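Just work_37.txt here, compact mmCIF, C-alpha atoms:
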```txt
# COMPACT_ATOMS: atom_id res chain seq x y z
CA MET X 1 37.95 124.60 151.00
CA PRO X 2 36.66 128.10 151.80
CA GLN X 3 35.45 128.83 155.30
CA THR X 4 31.74 129.12 155.98
CA VAL X 5 31.14 132.10 158.26
CA VAL X 6 27.87 133.26 159.79
CA ILE X 7 27.61 136.93 160.84
CA THR X 8 24.64 138.33 162.73
CA GLY X 9 24.10 142.06 162.51
CA ALA X 10 25.71 141.88 159.08
CA SER X 11 23.70 144.66 157.42
CA ALA X 12 25.66 147.55 158.96
CA GLY X 13 28.47 148.64 161.25
CA ILE X 14 31.02 146.12 162.51
CA GLY X 15 29.14 143.14 161.10
CA ARG X 16 29.10 144.72 157.65
CA ALA X 17 32.82 145.53 157.75
CA THR X 18 33.59 142.00 158.95
CA ALA X 19 31.60 140.52 156.08
CA ARG X 20 33.76 142.46 153.62
CA LEU X 21 36.95 141.02 155.10
CA TYR X 22 35.65 137.49 154.76
CA GLY X 23 34.54 138.31 151.22
CA GLU X 24 38.14 139.23 150.40
CA ARG X 25 39.15 135.77 151.62
CA GLY X 26 36.71 134.09 149.27
CA ALA X 27 34.67 132.72 152.18
CA ASN X 28 31.08 131.57 152.18
CA VAL X 29 29.45 134.39 154.15
CA VAL X 30 26.00 133.97 155.67
CA LEU X 31 24.58 137.43 156.36
CA ILE X 32 21.91 137.68 159.06
CA ALA X 33 19.94 140.76 160.11
CA ARG X 34 16.37 142.05 160.10
CA GLY X 35 16.67 144.59 157.29
CA ARG X 36 16.76 143.26 153.74
CA ALA X 37 18.14 146.39 152.04
CA GLY X 38 21.33 146.39 154.12
CA LEU X 39 21.76 142.64 153.72
CA GLU X 40 21.40 142.73 149.96
CA ALA X 41 23.92 145.57 149.71
CA ALA X 42 26.32 143.63 151.95
CA ALA X 43 25.86 140.54 149.76
CA LYS X 44 26.83 142.51 146.65
CA GLU X 45 29.99 143.71 148.38
CA VAL X 46 30.94 140.20 149.49
CA GLU X 47 30.39 138.84 145.99
CA THR X 48 32.36 141.67 144.36
CA LEU X 49 35.27 140.99 146.72
CA GLY X 50 35.35 137.29 145.82
CA GLY X 51 33.15 135.64 148.45
CA ARG X 52 29.88 133.72 148.20
CA PRO X 53 27.11 135.46 150.13
CA LEU X 54 23.84 134.10 151.48
CA VAL X 55 21.21 136.53 152.77
CA GLN X 56 19.02 135.39 155.66
CA VAL X 57 16.50 137.84 157.10
CA ALA X 58 16.12 136.93 160.77
CA ASP X 59 15.71 138.51 164.19
CA THR X 60 18.35 137.18 166.58
CA ALA X 61 15.92 137.59 169.45
CA ASP X 62 13.92 134.74 167.91
CA ALA X 63 15.78 131.44 168.38
CA HIS X 64 13.58 129.68 165.82
CA GLN X 65 14.44 132.21 163.11
CA LEU X 66 18.15 131.71 163.77
CA GLU X 67 17.73 127.95 163.64
CA THR X 68 16.05 128.22 160.26
CA ALA X 69 18.81 130.51 158.97
CA ALA X 70 21.48 128.04 160.11
CA GLU X 71 19.70 125.14 158.41
CA VAL X 72 19.60 127.05 155.12
CA ALA X 73 23.29 127.96 155.55
CA GLU X 74 24.27 124.32 155.96
CA GLN X 75 22.16 123.26 153.00
CA SER X 76 23.88 125.91 150.87
CA PHE X 77 27.48 125.71 152.07
CA GLY X 78 27.91 122.73 154.36
CA ALA X 79 29.31 122.83 157.89
CA ILE X 80 29.63 126.20 159.64
CA ASP X 81 33.22 127.01 160.65
CA VAL X 82 32.81 130.41 162.33
CA TRP X 83 29.80 132.07 163.93
CA ILE X 84 30.09 135.77 164.80
CA ASN X 85 27.51 137.42 167.06
CA SER X 86 27.35 141.14 166.30
CA ALA X 87 23.66 142.15 166.24
CA PHE X 88 22.83 145.28 168.18
CA THR X 89 20.11 147.62 169.37
CA SER X 90 19.90 150.04 172.28
CA VAL X 91 18.26 153.03 173.94
CA PHE X 92 20.17 156.18 174.89
CA ALA X 93 18.41 157.64 177.91
CA PRO X 94 18.56 157.82 181.70
CA PHE X 95 17.32 154.58 183.24
CA ASP X 96 14.09 156.09 184.57
CA GLU X 97 13.16 157.24 181.06
CA ILE X 98 13.45 153.76 179.51
CA THR X 99 10.23 151.74 179.46
CA SER X 100 10.09 148.10 180.48
CA GLU X 101 9.22 147.13 176.88
CA GLU X 102 12.29 148.96 175.60
CA TYR X 103 14.52 147.36 178.20
CA ASP X 104 13.18 143.93 177.34
CA ARG X 105 13.84 144.49 173.65
CA VAL X 106 17.44 145.63 174.14
CA THR X 107 18.10 142.62 176.34
CA GLN X 108 16.48 140.23 173.86
CA VAL X 109 18.71 141.42 171.02
CA ALA X 110 21.95 142.61 172.63
CA TYR X 111 22.20 139.72 175.11
CA LEU X 112 19.77 136.89 174.39
CA GLY X 113 20.46 137.26 170.67
CA PHE X 114 24.05 136.28 171.44
CA VAL X 115 22.85 133.35 173.55
CA ASN X 116 20.56 132.22 170.73
CA GLY X 117 23.31 132.56 168.16
CA THR X 118 25.80 130.65 170.31
CA ARG X 119 23.31 127.85 170.97
CA THR X 120 22.52 127.56 167.27
CA ALA X 121 26.22 127.41 166.40
CA LEU X 122 27.14 124.87 169.09
CA LYS X 123 24.29 122.58 168.07
CA ARG X 124 26.22 122.10 164.83
CA MET X 125 29.80 122.47 166.00
CA LEU X 126 29.84 120.20 169.04
CA PRO X 127 28.96 116.96 167.20
CA ARG X 128 31.82 117.69 164.74
CA ASP X 129 34.13 118.87 167.56
CA HIS X 130 35.15 121.81 165.39
CA GLY X 131 34.25 125.46 165.06
CA THR X 132 34.65 128.92 166.56
CA VAL X 133 32.18 131.38 168.05
CA VAL X 134 33.21 135.04 168.37
CA GLN X 135 31.20 137.42 170.55
CA GLY X 136 31.23 141.08 169.65
CA GLY X 137 31.93 142.54 173.07
CA SER X 138 32.65 146.01 174.38
CA ALA X 139 34.74 147.84 176.92
CA LEU X 140 31.33 148.78 178.36
CA GLY X 141 30.91 145.13 179.29
CA GLU X 142 33.37 145.76 182.10
CA ARG X 143 33.09 149.52 182.67
CA SER X 144 29.54 150.85 182.48
CA ILE X 145 28.74 154.44 181.56
CA PRO X 146 25.65 156.60 182.08
CA LEU X 147 22.77 156.77 179.57
CA GLN X 148 23.40 153.21 178.31
CA SER X 149 22.26 151.03 181.19
CA ALA X 150 20.42 148.52 178.98
CA TYR X 151 23.35 148.08 176.60
CA CYS X 152 25.95 147.95 179.38
CA GLY X 153 23.88 145.36 181.23
CA ALA X 154 23.69 143.22 178.08
CA LYS X 155 27.44 143.43 177.46
CA HIS X 156 28.20 142.51 181.07
CA ALA X 157 25.84 139.55 180.70
CA ILE X 158 27.64 138.39 177.54
CA ASN X 159 30.95 138.33 179.42
CA GLY X 160 29.47 136.25 182.23
CA PHE X 161 27.64 133.87 179.91
CA THR X 162 30.68 133.37 177.70
CA SER X 163 33.03 132.72 180.63
CA SER X 164 30.66 130.12 182.06
CA LEU X 165 30.25 128.36 178.72
CA ARG X 166 34.00 128.41 178.07
CA THR X 167 34.65 126.47 181.28
CA GLU X 168 32.09 123.87 180.20
CA LEU X 169 33.83 123.43 176.87
CA LEU X 170 37.18 123.10 178.64
CA HIS X 171 35.72 120.52 181.02
CA HIS X 172 34.69 118.35 178.08
CA GLY X 173 37.99 118.84 176.26
CA SER X 174 36.11 120.28 173.30
CA ASN X 175 37.87 121.56 170.19
CA VAL X 176 35.10 124.12 169.71
CA HIS X 177 36.45 127.55 170.66
CA LEU X 178 34.78 130.60 172.14
CA THR X 179 36.31 134.07 172.38
CA ILE X 180 35.32 137.74 172.67
CA ALA X 181 36.53 140.80 170.78
CA GLN X 182 36.11 143.72 173.19
CA MET X 183 35.42 146.89 171.23
CA PRO X 184 36.14 150.59 171.72
CA ALA X 185 33.88 153.41 170.51
CA VAL X 186 33.16 152.71 166.82
CA ASN X 187 31.75 154.90 164.06
CA THR X 188 28.69 152.84 163.12
CA PRO X 189 25.28 154.04 161.87
CA GLN X 190 23.69 153.13 165.20
CA PHE X 191 24.12 156.65 166.56
CA SER X 192 21.76 157.98 163.91
CA TRP X 193 19.08 155.32 164.32
CA VAL X 194 19.31 154.29 167.97
CA ARG X 195 16.29 155.20 170.08
CA SER X 196 17.34 158.28 172.01
CA ARG X 197 15.79 160.66 174.51
CA LEU X 198 18.87 162.85 174.70
CA PRO X 199 18.48 166.55 173.88
CA ARG X 200 21.30 166.35 171.30
CA HIS X 201 22.62 163.87 168.71
CA PRO X 202 24.18 160.76 170.35
CA GLN X 203 27.82 160.00 169.69
CA PRO X 204 30.39 157.39 170.74
CA VAL X 205 32.71 158.55 173.49
CA PRO X 206 35.91 159.76 171.75
CA PRO X 207 38.39 158.58 170.61
CA ILE X 208 36.38 156.86 167.88
CA TYR X 209 37.54 154.07 165.56
CA GLN X 210 36.28 153.10 162.13
CA PRO X 211 34.37 149.81 161.76
CA GLU X 212 37.24 148.32 159.76
CA VAL X 213 39.47 148.49 162.87
CA ALA X 214 36.87 146.53 164.82
CA ALA X 215 36.35 144.08 161.95
CA ARG X 216 40.06 143.26 161.79
CA GLY X 217 39.92 142.51 165.50
CA VAL X 218 36.94 140.18 165.03
CA VAL X 219 38.60 138.26 162.19
CA HIS X 220 41.85 137.95 164.13
CA ALA X 221 39.94 136.61 167.13
CA ALA X 222 38.25 134.04 164.89
CA ASP X 223 41.62 133.01 163.46
CA HIS X 224 43.22 132.71 166.91
CA PRO X 225 40.35 131.74 169.24
CA ARG X 226 42.35 130.12 172.03
CA ARG X 227 42.69 133.43 173.84
CA LYS X 228 39.83 134.26 176.18
CA GLN X 229 39.39 137.74 174.74
CA TYR X 230 40.98 140.42 172.60
CA TYR X 231 41.04 144.14 173.33
CA VAL X 232 40.54 146.20 170.18
CA GLY X 233 41.92 149.74 170.50
CA ALA X 234 44.08 151.33 173.17
CA THR X 235 41.04 152.98 174.76
CA THR X 236 39.52 149.57 175.46
CA VAL X 237 42.65 148.53 177.34
CA ALA X 238 42.81 151.85 179.19
CA THR X 239 39.12 151.77 180.14
CA ILE X 240 39.22 148.23 181.47
CA TRP X 241 42.40 148.70 183.48
CA ALA X 242 41.30 152.08 184.85
CA ASN X 243 38.13 150.43 186.09
CA ARG X 244 40.10 147.65 187.76
CA LEU X 245 42.56 150.02 189.42
CA ALA X 246 40.32 152.94 190.42
CA PRO X 247 36.63 152.11 189.91
CA ALA X 248 35.28 154.63 192.41
CA LEU X 249 37.33 157.44 190.88
CA LEU X 250 36.08 156.45 187.44
CA ASP X 251 32.49 156.48 188.72
CA ARG X 252 32.82 160.10 189.76
CA TYR X 253 34.60 161.05 186.54
CA LEU X 254 31.88 159.51 184.36
CA ALA X 255 29.13 161.03 186.47
CA ARG X 256 30.67 164.43 185.74
CA THR X 257 31.59 163.97 182.06
CA GLY X 258 29.61 161.01 180.71
CA PHE X 259 26.45 162.89 179.74
CA ASN X 260 28.09 165.54 177.56
CA ALA X 261 30.70 163.16 176.14
CA GLN X 262 27.95 161.09 174.52
CA GLN X 263 26.30 164.00 172.71
CA THR X 264 27.32 166.32 169.91
CA ASP X 265 26.24 169.93 169.50
CA GLN X 266 23.78 168.90 166.77
CA GLN X 267 20.06 168.31 167.02
CA PRO X 268 18.96 164.70 167.66
CA PRO X 269 18.16 162.59 164.59
CA SER X 270 14.57 162.91 163.42
CA GLY X 271 14.26 159.48 161.76
CA GLU X 272 12.86 156.25 163.15
CA SER X 273 14.85 154.00 165.50
CA ASN X 274 15.73 150.38 164.86
CA LEU X 275 14.63 149.14 168.28
CA PHE X 276 11.52 147.22 167.23
CA GLU X 277 11.76 147.43 163.43
CA PRO X 278 14.76 147.62 161.06
CA VAL X 279 15.40 151.00 159.48
CA ASP X 280 16.45 149.40 156.19
CA ARG X 281 13.28 147.54 155.29
CA SER X 282 12.68 149.41 152.04
CA LYS X 283 14.77 149.18 148.90
CA GLY X 284 17.55 151.75 148.78
CA ALA X 285 17.60 152.21 152.57
CA ASP X 286 21.07 150.74 153.03
CA HIS X 287 23.18 152.50 155.69
CA GLY X 288 26.54 150.82 155.11
CA ALA X 289 29.24 150.22 157.69
CA HIS X 290 30.10 153.80 158.64
CA GLY X 291 28.23 156.31 160.73
CA VAL X 292 28.36 160.11 160.54
CA PHE X 293 31.65 160.52 162.43
CA ASP X 294 34.15 159.78 159.66
CA ASP X 295 36.05 163.04 160.21
CA GLU X 296 36.74 162.22 163.87
CA SER X 297 37.41 158.49 163.51
CA HIS X 298 40.71 156.61 163.44
CA SER X 299 41.24 154.07 160.66
CA ARG X 300 44.14 152.40 162.49
CA SER X 301 44.89 151.18 165.99
CA VAL X 302 48.49 150.59 167.03
CA GLU X 303 47.37 148.49 169.98
CA ALA X 304 45.15 146.27 167.80
CA THR X 305 47.94 145.86 165.24
CA LEU X 306 50.38 144.77 167.93
CA ALA X 307 47.81 142.34 169.32
CA ARG X 308 47.66 140.69 165.90
CA HIS X 309 51.47 140.51 165.73
CA PRO X 310 52.72 139.36 169.16
CA ALA X 311 56.30 138.85 167.96
CA ALA X 312 56.51 142.46 166.83
CA ALA X 313 54.91 143.57 170.07
CA SER X 314 57.45 141.61 172.10
CA ALA X 315 60.29 143.10 170.08
CA LEU X 316 58.89 146.60 170.61
CA VAL X 317 58.55 146.08 174.35
CA ALA X 318 62.06 144.65 174.51
CA GLY X 319 63.39 147.63 172.56
CA ILE X 320 61.65 150.09 174.83
CA ALA X 321 62.93 148.26 177.89
CA ALA X 322 66.49 148.22 176.53
CA THR X 323 66.33 151.93 175.72
CA ALA X 324 64.93 152.77 179.13
CA THR X 325 67.64 150.68 180.81
CA ALA X 326 70.36 152.43 178.82
CA VAL X 327 68.98 155.85 179.72
CA LEU X 328 68.80 154.95 183.40
CA LYS X 329 72.41 153.67 183.34
CA ARG X 330 73.63 156.87 181.71
CA ARG X 331 71.81 158.94 184.32
CA ALA X 332 73.24 156.80 187.10
CA ARG X 333 76.80 157.22 185.76
CA ALA X 334 76.26 160.95 185.35
CA ALA X 335 74.98 161.21 188.91
CA SER X 336 78.02 159.26 190.19
CA GLY X 337 80.34 161.63 188.33
CA ASP X 338 78.63 164.66 189.82
CA ARG X 339 79.02 163.29 193.36
CA ALA X 340 82.67 162.57 192.71
```
Would you give me this structure, written as structure tokens?
Amino acid sequence: MPQTVVITGASAGIGRATARLYGERGANVVLIARGRAGLEAAAKEVETLGGRPLVQVADTADAHQLETAAEVAEQSFGAIDVWINSAFTSVFAPFDEITSEEYDRVTQVAYLGFVNGTRTALKRMLPRDHGTVVQGGSALGERSIPLQSAYCGAKHAINGFTSSLRTELLHHGSNVHLTIAQMPAVNTPQFSWVRSRLPRHPQPVPPIYQPEVAARGVVHAADHPRRKQYYVGATTVATIWANRLAPALLDRYLARTGFNAQQTDQQPPSGESNLFEPVDRSKGADHGAHGVFDDESHSRSVEATLARHPAAASALVAGIAATATAVLKRRARAASGDRA
């Protein structure tokens, strides 16, 4: 039987790329977002690749809309096997330039939307004692950066919420699994439609990865959900460990470099933002999975590939260790010969 997979934020970016991967598997793919144009384009891709799509226009900030979408999904495909939370919105600006209404909206989507999605999924998975929820996380959920306080706060909240819920599932001996795929900077369309008060065009902090790299990490996490979290991209690992080892030093570094690193030399986008309304409401307004940074983005991640193949990673580490040991022995023998 094909899997039934629900993806929020499926109209663009990581959610869109993830939907394609499940389409290739022949899965039943329930596509949730606010904008119909992007969802319908995603549905065509899923169907072309061999999957069965179902479009559900819903705002993840509204728990009732998600509940309705899940009911329709079950009526169409049966039990939900995997639920992926990937919906997103944000504001790029210093904290004192973000209004309370904007902050509320980012929190409702980027944090409470994940809570709503998880609750909707567990309502169906817990009675069957089967299913997996994957949270689309971020390195910024552990290491905050300037100009994205609302988004960083939401990603930190997702980590805390998910850890708490995981312990509850463990306490009950549940076979429902919960994991997070922590993302690096990704080339999604958000940087052209995010609400921004920056003087120049927003950009992800380099190095940048293509959405397909992130999507492979999400699918792998769903396939192997017993791990607490997965780090997608070497920069995610480096960022998280740098913050754990030298947080104060990283504070000063980001204070000095974080403003310029998140802006290009181009003028800011002149179009509307997706904060309160989707930017793909009208027909033909599909934005796809990729943003405008294709030329600078990596389509592969060695670290993510090794994470998906632990045996190969272990062999590589063992090989490196053996080589290093051999080199050190040769140097030690050479040093002994010199002293003699």
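Among the candidates X:His298, X:Lys228, X:His201, X:His156, the one nearest to Phe92 (chain X) when counting all atoms listed in the file is X:His201.
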Query raised in the report: Excluding same-chain residues fewer than 4 positions from Gln182 (chain X), what lies within 10 Å of it counting all atoms listed in the file, as a list of chain:residue names?
Result: X:Gln135, X:Gly136, X:Gly137, X:Ser138, X:Ala139, X:Leu140, X:Gly141, X:Glu142, X:Lys155, X:Asn159, X:Ala214, X:Gly217, X:Val218, X:Gln229, X:Tyr230, X:Tyr231, X:Val232, X:Gly233, X:Thr236, X:Val237, X:Ile240
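When the distance limit is 12 Å and only C-alpha atoms are what count, the residues near Tyr209 (chain X), minus those fewer than 6 positions from it on the same chain, are Gly13, Ile14, Met183, Pro184, Ala185, Val186, Asn187, Thr188, Ala215, Arg216, Gly217, Val232, Gly233, Ala234, Thr235, Thr236, His290, Gly291, Phe293, Asp294, Asp295, Glu296, Ser297, His298, Ser299, Arg300, Ser301, Val302 and Ala304 of chain X.
With CA of Thr132 (chain X) on one side and CA of Ile84 (chain X) on the other, the separation reads 8.4 Å.
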Residues of region 63-122 of chain X at most 12 Å from region 30-45 of chain X: nearest atom pair and distance in Å, all atoms listed in the file, as CSV:
```
residue,atom,partner,partner_atom,distance
X:Gln65,CA,X:Ile32,CA,10.1
X:Leu66,CA,X:Ile32,CA,8.5
X:Glu67,CA,X:Ile32,CA,11.5
X:Thr68,CA,X:Ile32,CA,11.2
X:Ala69,CA,X:Ile32,CA,7.8
X:Ala70,CA,X:Val30,CA,8.7
X:Glu71,CA,X:Val30,CA,11.2
X:Val72,CA,X:Val30,CA,9.4
X:Ala73,CA,X:Val30,CA,6.6
X:Glu74,CA,X:Val30,CA,9.8
X:Gln75,CA,X:Val30,CA,11.7
X:Ser76,CA,X:Val30,CA,9.6
X:Phe77,CA,X:Val30,CA,9.1
X:Gly78,CA,X:Val30,CA,11.5
X:Ala79,CA,X:Val30,CA,11.8
X:Ile80,CA,X:Val30,CA,9.5
X:Asp81,CA,X:Val30,CA,11.2
X:Val82,CA,X:Val30,CA,10.2
X:Trp83,CA,X:Val30,CA,9.3
X:Ile84,CA,X:Val30,CA,10.2
X:Asn85,CA,X:Ile32,CA,9.8
X:Ser86,CA,X:Ala33,CA,9.7
X:Ala87,CA,X:Ala33,CA,7.3
X:Phe88,CA,X:Ala33,CA,9.7
X:Thr89,CA,X:Arg34,CA,11.4
X:Val109,CA,X:Ala33,CA,11.0
X:Gly113,CA,X:Ala33,CA,11.1
X:Gly117,CA,X:Ile32,CA,10.5
```
Report task. For region 95-100 of chain X, work out the shell of residues within 12 Å, counting all atoms listed in the file and skipping chain neighbours fewer than 3 positions away, then give it as number ranges by chain. Result -> X: 90-92, 103-107, 145-153, 195-198
Report summary line: Counting all atoms listed in the file, the residue among X:Gly160, X:Pro225, X:Gly51, X:Gly131 that lies closest to Val115 (chain X) is X:Gly160
